[in-house]
file structure-v1.cif (mmCIF, C-alpha atoms)
data_data
loop_
_atom_site.label_atom_id
_atom_site.label_comp_id
_atom_site.auth_asym_id
_atom_site.auth_seq_id
_atom_site.Cartn_x
_atom_site.Cartn_y
_atom_site.Cartn_z
CA MET Q 172 11.09 -28.95 21.32
CA ASP Q 173 8.65 -31.81 20.85
CA ASP Q 174 8.89 -34.42 18.06
CA GLN Q 175 6.72 -32.40 15.68
CA GLN Q 176 8.90 -29.32 16.13
CA LEU Q 177 12.08 -31.33 15.66
CA LEU Q 178 10.65 -32.55 12.36
CA ARG Q 179 9.26 -29.18 11.24
CA TYR Q 180 12.52 -27.33 11.87
CA SER Q 181 14.87 -30.18 10.99
CA ARG Q 182 16.44 -28.33 8.05
CA HIS Q 183 17.43 -25.50 10.37
CA ILE Q 184 18.67 -27.89 13.02
CA LEU Q 185 20.90 -29.59 10.44
CA LEU Q 186 22.77 -26.32 9.99
CA ASP Q 187 25.79 -26.28 12.31
CA GLU Q 188 25.40 -22.53 12.79
CA ILE Q 189 21.84 -22.96 14.12
CA GLY Q 190 21.34 -26.45 15.53
CA ILE Q 191 18.88 -27.15 18.32
CA GLU Q 192 20.14 -24.28 20.47
CA GLY Q 193 19.70 -21.69 17.73
CA GLN Q 194 16.27 -22.97 16.79
CA GLU Q 195 15.16 -22.82 20.41
CA LYS Q 196 16.26 -19.17 20.50
CA ILE Q 197 14.07 -18.53 17.45
CA LEU Q 198 11.13 -20.36 19.02
CA SER Q 199 11.34 -18.25 22.18
CA SER Q 200 11.77 -14.92 20.39
CA HIS Q 201 9.40 -12.03 19.69
CA ALA Q 202 9.45 -10.02 16.46
CA LEU Q 203 7.61 -6.73 15.96
CA VAL Q 204 6.65 -6.18 12.31
CA ILE Q 205 5.54 -2.66 11.39
CA GLY Q 206 3.49 -2.93 8.20
CA ALA Q 207 1.58 -5.86 6.69
CA GLY Q 208 1.96 -4.87 3.05
CA GLY Q 209 4.51 -5.57 0.34
CA LEU Q 210 7.51 -5.96 2.66
CA GLY Q 211 5.60 -7.16 5.69
CA SER Q 212 4.18 -10.05 3.69
CA PRO Q 213 7.40 -11.98 2.96
CA VAL Q 214 8.90 -10.87 6.27
CA SER Q 215 6.08 -12.29 8.38
CA LEU Q 216 5.67 -15.40 6.25
CA TYR Q 217 9.31 -16.40 6.64
CA LEU Q 218 9.45 -15.49 10.32
CA ALA Q 219 6.37 -17.64 10.95
CA ALA Q 220 7.69 -20.52 8.85
CA ALA Q 221 11.00 -20.36 10.73
CA GLY Q 222 9.17 -20.65 14.04
CA VAL Q 223 9.52 -17.21 15.61
CA GLY Q 224 7.47 -17.71 18.77
CA THR Q 225 5.56 -14.43 18.80
CA ILE Q 226 4.96 -12.05 15.91
CA THR Q 227 3.27 -8.72 16.57
CA LEU Q 228 1.89 -7.44 13.28
CA VAL Q 229 0.97 -3.74 13.18
CA ASP Q 230 -0.94 -2.04 10.36
CA ASN Q 231 -4.10 0.12 10.37
CA ASP Q 232 -4.87 -0.35 6.67
CA THR Q 233 -7.33 -2.64 4.90
CA VAL Q 234 -6.72 -5.00 1.98
CA ASP Q 235 -7.30 -3.33 -1.39
CA LEU Q 236 -7.46 -4.95 -4.81
CA THR Q 237 -4.38 -2.98 -5.89
CA ASN Q 238 -2.38 -4.60 -3.06
CA LEU Q 239 -2.73 -8.13 -4.38
CA GLN Q 240 -0.13 -7.73 -7.14
CA ARG Q 241 2.62 -7.90 -4.52
CA GLN Q 242 1.23 -8.31 -0.98
CA ILE Q 243 1.25 -12.09 -0.84
CA LEU Q 244 -0.02 -12.24 2.72
CA HIS Q 245 -3.52 -11.44 1.43
CA THR Q 246 -6.05 -13.04 -0.93
CA THR Q 247 -8.82 -11.80 -3.20
CA ASP Q 248 -11.61 -12.86 -0.88
CA ARG Q 249 -10.14 -10.68 1.90
CA VAL Q 250 -10.42 -7.35 0.07
CA GLY Q 251 -11.83 -4.87 2.57
CA GLN Q 252 -10.57 -6.84 5.57
CA LYS Q 253 -8.02 -5.40 8.00
CA LYS Q 254 -4.55 -6.34 6.80
CA VAL Q 255 -3.43 -7.57 10.20
CA GLU Q 256 -6.44 -9.89 10.49
CA SER Q 257 -5.84 -11.23 6.99
CA GLY Q 258 -2.16 -11.66 7.85
CA LYS Q 259 -2.94 -13.47 11.09
CA GLN Q 260 -5.17 -15.89 9.21
CA THR Q 261 -2.46 -16.63 6.64
CA LEU Q 262 0.29 -17.07 9.22
CA ALA Q 263 -1.87 -19.48 11.23
CA GLN Q 264 -2.16 -21.63 8.12
CA VAL Q 265 1.61 -21.51 7.60
CA ASN Q 266 2.49 -22.33 11.21
CA PRO Q 267 -0.27 -22.72 13.81
CA ASP Q 268 2.30 -22.85 16.63
CA VAL Q 269 3.27 -19.21 16.15
CA HIS Q 270 1.45 -16.69 18.34
CA VAL Q 271 0.41 -13.74 16.15
CA ILE Q 272 -0.74 -10.50 17.77
CA ALA Q 273 -2.69 -8.45 15.23
CA LEU Q 274 -2.86 -4.72 15.96
CA ALA Q 275 -5.02 -2.73 13.56
CA GLU Q 276 -3.75 0.63 14.71
CA ARG Q 277 -1.28 3.37 13.93
CA VAL Q 278 1.22 3.19 16.77
CA GLU Q 279 3.30 6.13 17.93
CA GLY Q 280 4.74 7.71 21.04
CA GLU Q 281 4.62 5.66 24.23
CA ARG Q 282 2.48 2.97 22.59
CA LEU Q 283 5.19 2.38 20.00
CA ALA Q 284 7.90 2.39 22.68
CA GLU Q 285 5.92 -0.16 24.70
CA LEU Q 286 5.70 -2.53 21.73
CA VAL Q 287 9.40 -2.11 20.92
CA ARG Q 288 10.41 -2.88 24.51
CA LYS Q 289 8.59 -6.22 24.32
CA ALA Q 290 10.36 -7.27 21.10
CA ASP Q 291 13.72 -8.95 20.48
CA VAL Q 292 13.88 -7.47 16.98
CA VAL Q 293 11.87 -4.86 15.07
CA LEU Q 294 11.26 -5.02 11.34
CA ASP Q 295 10.25 -1.75 9.72
CA CYS Q 296 8.17 -2.59 6.65
CA SER Q 297 6.44 0.80 6.47
CA ASP Q 298 6.30 3.11 3.48
CA ASN Q 299 6.99 6.59 4.86
CA PHE Q 300 9.82 8.48 6.53
CA ALA Q 301 7.77 9.67 9.51
CA THR Q 302 7.09 6.10 10.61
CA ARG Q 303 10.66 4.99 9.92
CA HIS Q 304 12.06 7.78 12.09
CA ALA Q 305 9.58 7.10 14.88
CA VAL Q 306 10.42 3.39 14.87
CA ASN Q 307 14.16 4.12 14.76
CA HIS Q 308 13.87 6.52 17.69
CA ALA Q 309 12.00 3.93 19.77
CA CYS Q 310 14.54 1.23 18.90
CA VAL Q 311 17.51 3.41 19.83
CA ALA Q 312 15.90 4.51 23.10
CA ASN Q 313 15.16 0.91 24.08
CA LYS Q 314 18.27 -0.67 22.54
CA VAL Q 315 16.36 -3.09 20.31
CA PRO Q 316 17.86 -4.00 16.90
CA LEU Q 317 16.02 -2.69 13.84
CA VAL Q 318 15.88 -4.22 10.36
CA SER Q 319 14.62 -1.60 7.91
CA GLY Q 320 13.59 -2.10 4.29
CA ALA Q 321 12.27 0.12 1.51
CA VAL Q 322 11.19 -0.43 -2.10
CA ILE Q 323 10.00 1.75 -4.98
CA ARG Q 324 9.78 0.95 -8.69
CA PHE Q 325 12.64 -1.50 -9.38
CA ASP Q 326 14.86 -0.39 -6.48
CA GLY Q 327 15.17 -1.56 -2.90
CA GLN Q 328 17.34 -1.19 0.17
CA VAL Q 329 17.92 -2.98 3.46
CA GLY Q 330 19.75 -1.82 6.56
CA VAL Q 331 20.30 -3.22 10.05
CA TYR Q 332 20.61 -0.71 12.88
CA ASP Q 333 21.75 -2.21 16.17
CA PRO Q 334 21.79 0.28 19.07
CA ARG Q 335 23.25 -2.36 21.39
CA ARG Q 336 26.57 -1.63 19.67
CA ALA Q 337 27.96 1.81 20.50
CA ASP Q 338 29.91 2.04 17.24
CA MET Q 339 26.93 1.35 14.96
CA PRO Q 340 24.86 4.04 13.18
CA CYS Q 341 21.10 4.36 13.50
CA TYR Q 342 18.64 5.05 10.68
CA SER Q 343 18.75 8.77 11.45
CA CYS Q 344 22.53 8.85 10.98
CA LEU Q 345 21.94 7.95 7.34
CA PHE Q 346 18.65 9.80 6.77
CA PRO Q 347 18.54 12.76 9.21
CA ALA Q 348 15.02 13.66 10.28
CA ASP Q 349 15.66 17.38 9.72
CA GLN Q 350 16.47 16.86 6.04
CA GLN Q 351 13.72 16.83 3.45
CA PHE Q 352 13.28 13.36 1.96
CA GLU Q 353 10.24 12.98 -0.25
CA ASP Q 354 7.90 10.07 0.42
CA VAL Q 355 7.33 8.46 -2.98
CA ALA Q 356 4.16 6.38 -2.99
CA CYS Q 357 3.99 3.22 -5.08
CA SER Q 358 0.43 4.29 -5.98
CA ARG Q 359 2.05 7.10 -7.97
CA MET Q 360 5.40 5.65 -9.04
CA GLY Q 361 4.61 1.93 -9.19
CA VAL Q 362 6.52 -1.03 -7.79
CA PHE Q 363 7.79 -4.21 -9.46
CA ALA Q 364 6.15 -7.02 -7.49
CA PRO Q 365 9.09 -9.43 -6.94
CA VAL Q 366 11.34 -6.67 -5.58
CA VAL Q 367 9.34 -6.44 -2.35
CA GLY Q 368 9.81 -10.20 -1.99
CA MET Q 369 13.56 -9.91 -2.51
CA ILE Q 370 13.98 -7.11 0.01
CA GLY Q 371 11.53 -8.64 2.47
CA THR Q 372 13.31 -11.98 2.48
CA VAL Q 373 16.63 -10.23 3.15
CA GLN Q 374 14.97 -8.47 6.08
CA ALA Q 375 13.71 -11.81 7.40
CA THR Q 376 17.18 -13.32 6.94
CA GLU Q 377 18.83 -10.57 8.95
CA ALA Q 378 16.20 -10.76 11.68
CA LEU Q 379 16.59 -14.53 12.06
CA LYS Q 380 20.38 -14.16 12.21
CA LEU Q 381 19.99 -11.65 15.02
CA LEU Q 382 17.52 -13.83 16.90
CA ALA Q 383 19.63 -16.98 16.57
CA GLY Q 384 22.88 -15.11 17.23
CA ILE Q 385 24.60 -16.31 14.07
CA GLY Q 386 26.66 -14.81 11.25
CA GLU Q 387 27.59 -11.19 10.70
CA PRO Q 388 24.63 -8.78 10.65
CA LEU Q 389 24.26 -6.07 8.04
CA ALA Q 390 24.84 -3.40 10.71
CA GLY Q 391 27.08 -0.57 9.49
CA ARG Q 392 26.24 -1.34 5.87
CA LEU Q 393 23.40 -0.51 3.50
CA LEU Q 394 22.43 -3.08 0.88
CA LEU Q 395 21.00 -1.62 -2.34
CA LEU Q 396 19.22 -3.46 -5.16
CA ASP Q 397 18.74 -2.35 -8.76
CA ALA Q 398 16.47 -5.09 -10.08
CA LEU Q 399 16.44 -3.79 -13.66
CA LYS Q 400 20.16 -4.50 -13.89
CA MET Q 401 20.00 -7.19 -11.17
CA GLU Q 402 22.86 -5.55 -9.31
CA TRP Q 403 23.37 -5.58 -5.56
CA THR Q 404 25.55 -2.85 -4.04
CA CYS Q 405 26.73 -2.78 -0.44
CA ILE Q 406 28.00 0.50 0.99
CA ARG Q 407 29.59 1.19 4.37
CA ILE Q 408 27.81 3.69 6.60
CA GLY Q 409 29.16 5.27 9.77
CA ARG Q 410 27.70 6.72 12.92
CA SER Q 411 27.11 10.46 12.78
CA ALA Q 412 28.58 12.49 15.64
CA GLN Q 413 25.79 15.03 15.09
CA CYS Q 414 22.90 12.55 15.14
CA PRO Q 415 20.40 13.81 17.74
CA VAL Q 416 18.85 10.35 18.11
CA CYS Q 417 22.14 8.65 18.99
CA MET Q 418 23.22 11.57 21.19
CA GLY Q 419 19.99 11.42 23.13
CA ALA Q 420 20.14 7.68 23.73
#
call {"tool": "encode", "arguments": {"input": "structure-v1.cif", "output": "structure tokens"}}
result
Amino acid sequence: MDDQQLLRYSRHILLDEIGIEGQEKILSSHALVIGAGGLGSPVSLYLAAAGVGTITLVDNDTVDLTNLQRQILHTTDRVGQKKVESGKQTLAQVNPDVHVIALAERVEGERLAELVRKADVVLDCSDNFATRHAVNHACVANKVPLVSGAVIRFDGQVGVYDPRRADMPCYSCLFPADQQFEDVACSRMGVFAPVVGMIGTVQATEALKLLAGIGEPLAGRLLLLDALKMEWTCIRIGRSAQCPVCMGA
């Protein structure tokens, strides 16, 4: 680290759990963020501010006026712009040292697997089960830790799925792909703006812990938020012996 970096990240370096060694791990790391919307906004902002060396931001959508109530990565003058380009512009203003790769595409199959293989951690900030299962499958196959978040109305959840640990469940263990889970769009049900910030910052926290190699990750647990009551609930989740994703890994 040079003098400017030592100053910029000094509050991390002061933490015994991180120090210079931990911050250098963060600086040399690569995070893949799927989705540049409500969750992807706080996730990418905090990863960039913390100094994650490379952030690949993936989203094929454009900024819409209805996004601006909660998607703090974007601004009014960028309505109609690709979300990843808007996000790249914002992140460069937050931390110009971070290398942001903006991919305005819907990734799947081998393309998704290729991106996952290049990452040290994957953050799923998407809004549908098909994408979540595809990302989970790629993470399990390539043994890359996954931090998954979801929000609707006043409720949110965060889980960490680490396929490097043989005893840990994957996303499919909890939400099997062959079961019918309805995708509930915020355009129909609504979403309370600060909740995406709360869940997204937890995702960023877990990702940075994984990258720096500190603390106890949320793996094997699911963290649930009821913002109307302001209650957090943490439940234990186990690996499913019948999970086809884990069995095929």
call {"tool": "resolve_selection", "arguments": {"input": "structure-v1.cif", "expression": "the PyMOL selection byres ((chain Q and resi 214) around 6)", "output": "PyMOL selection string"}}
result
chain Q and resi 211-213+215-217+371-372+375
call {"tool": "atom_distance", "arguments": {"input": "structure-v1.cif", "atom1": "CA of Val373 (chain Q)", "atom2": "CA of Ile191 (chain Q)"}}
result
22.8 Å
call {"tool": "closest_residue", "arguments": {"input": "structure-v1.cif", "among": "Q:Leu382, Q:Ile226, Q:Cys405, Q:Ala273", "to": "Gln194 (chain Q)", "atoms": "only C-alpha atoms"}}
result
Q:Leu382
call {"tool": "resolve_selection", "arguments": {"input": "structure-v1.cif", "expression": "the PyMOL selection byres ((chain Q and resi 334) around 8)", "output": "VMD selection string"}}
result
chain Q and resid 310 to 311 314 to 316 332 to 333 335 to 337 339 to 341
call {"tool": "write_last_selection", "arguments": {"input": "structure-v1.cif", "atoms": "C-alpha atoms", "output": "PDB file, keeping the file's coordinate frame"}}
result
ATOM      1  CA  CYS Q 310      14.540   1.230  18.900  1.00  0.00           C
ATOM      2  CA  VAL Q 311      17.510   3.410  19.830  1.00  0.00           C
ATOM      3  CA  LYS Q 314      18.270  -0.670  22.540  1.00  0.00           C
ATOM      4  CA  VAL Q 315      16.360  -3.090  20.310  1.00  0.00           C
ATOM      5  CA  PRO Q 316      17.860  -4.000  16.900  1.00  0.00           C
ATOM      6  CA  TYR Q 332      20.610  -0.710  12.880  1.00  0.00           C
ATOM      7  CA  ASP Q 333      21.750  -2.210  16.170  1.00  0.00           C
ATOM      8  CA  ARG Q 335      23.250  -2.360  21.390  1.00  0.00           C
ATOM      9  CA  ARG Q 336      26.570  -1.630  19.670  1.00  0.00           C
ATOM     10  CA  ALA Q 337      27.960   1.810  20.500  1.00  0.00           C
ATOM     11  CA  MET Q 339      26.930   1.350  14.960  1.00  0.00           C
ATOM     12  CA  PRO Q 340      24.860   4.040  13.180  1.00  0.00           C
ATOM     13  CA  CYS Q 341      21.100   4.360  13.500  1.00  0.00           C
TER      14      CYS Q 341
END
call {"tool": "resolve_selection", "arguments": {"input": "structure-v1.cif", "expression": "the PyMOL selection byres ((chain Q and resi 410-412) around 8)", "output": "PDB file with C-alpha atoms, in the coordinates of the input"}}
result
ATOM      1  CA  ASP Q 338      29.910   2.040  17.240  1.00  0.00           C
ATOM      2  CA  MET Q 339      26.930   1.350  14.960  1.00  0.00           C
ATOM      3  CA  PRO Q 340      24.860   4.040  13.180  1.00  0.00           C
ATOM      4  CA  CYS Q 341      21.100   4.360  13.500  1.00  0.00           C
ATOM      5  CA  CYS Q 344      22.530   8.850  10.980  1.00  0.00           C
ATOM      6  CA  LEU Q 345      21.940   7.950   7.340  1.00  0.00           C
ATOM      7  CA  ILE Q 408      27.810   3.690   6.600  1.00  0.00           C
ATOM      8  CA  GLY Q 409      29.160   5.270   9.770  1.00  0.00           C
ATOM      9  CA  GLN Q 413      25.790  15.030  15.090  1.00  0.00           C
ATOM     10  CA  CYS Q 414      22.900  12.550  15.140  1.00  0.00           C
ATOM     11  CA  MET Q 418      23.220  11.570  21.190  1.00  0.00           C
TER      12      MET Q 418
END
call {"tool": "atom_distance", "arguments": {"input": "structure-v1.cif", "atom1": "CA of His270 (chain Q)", "atom2": "CA of Arg182 (chain Q)"}}
result
21.6 Å
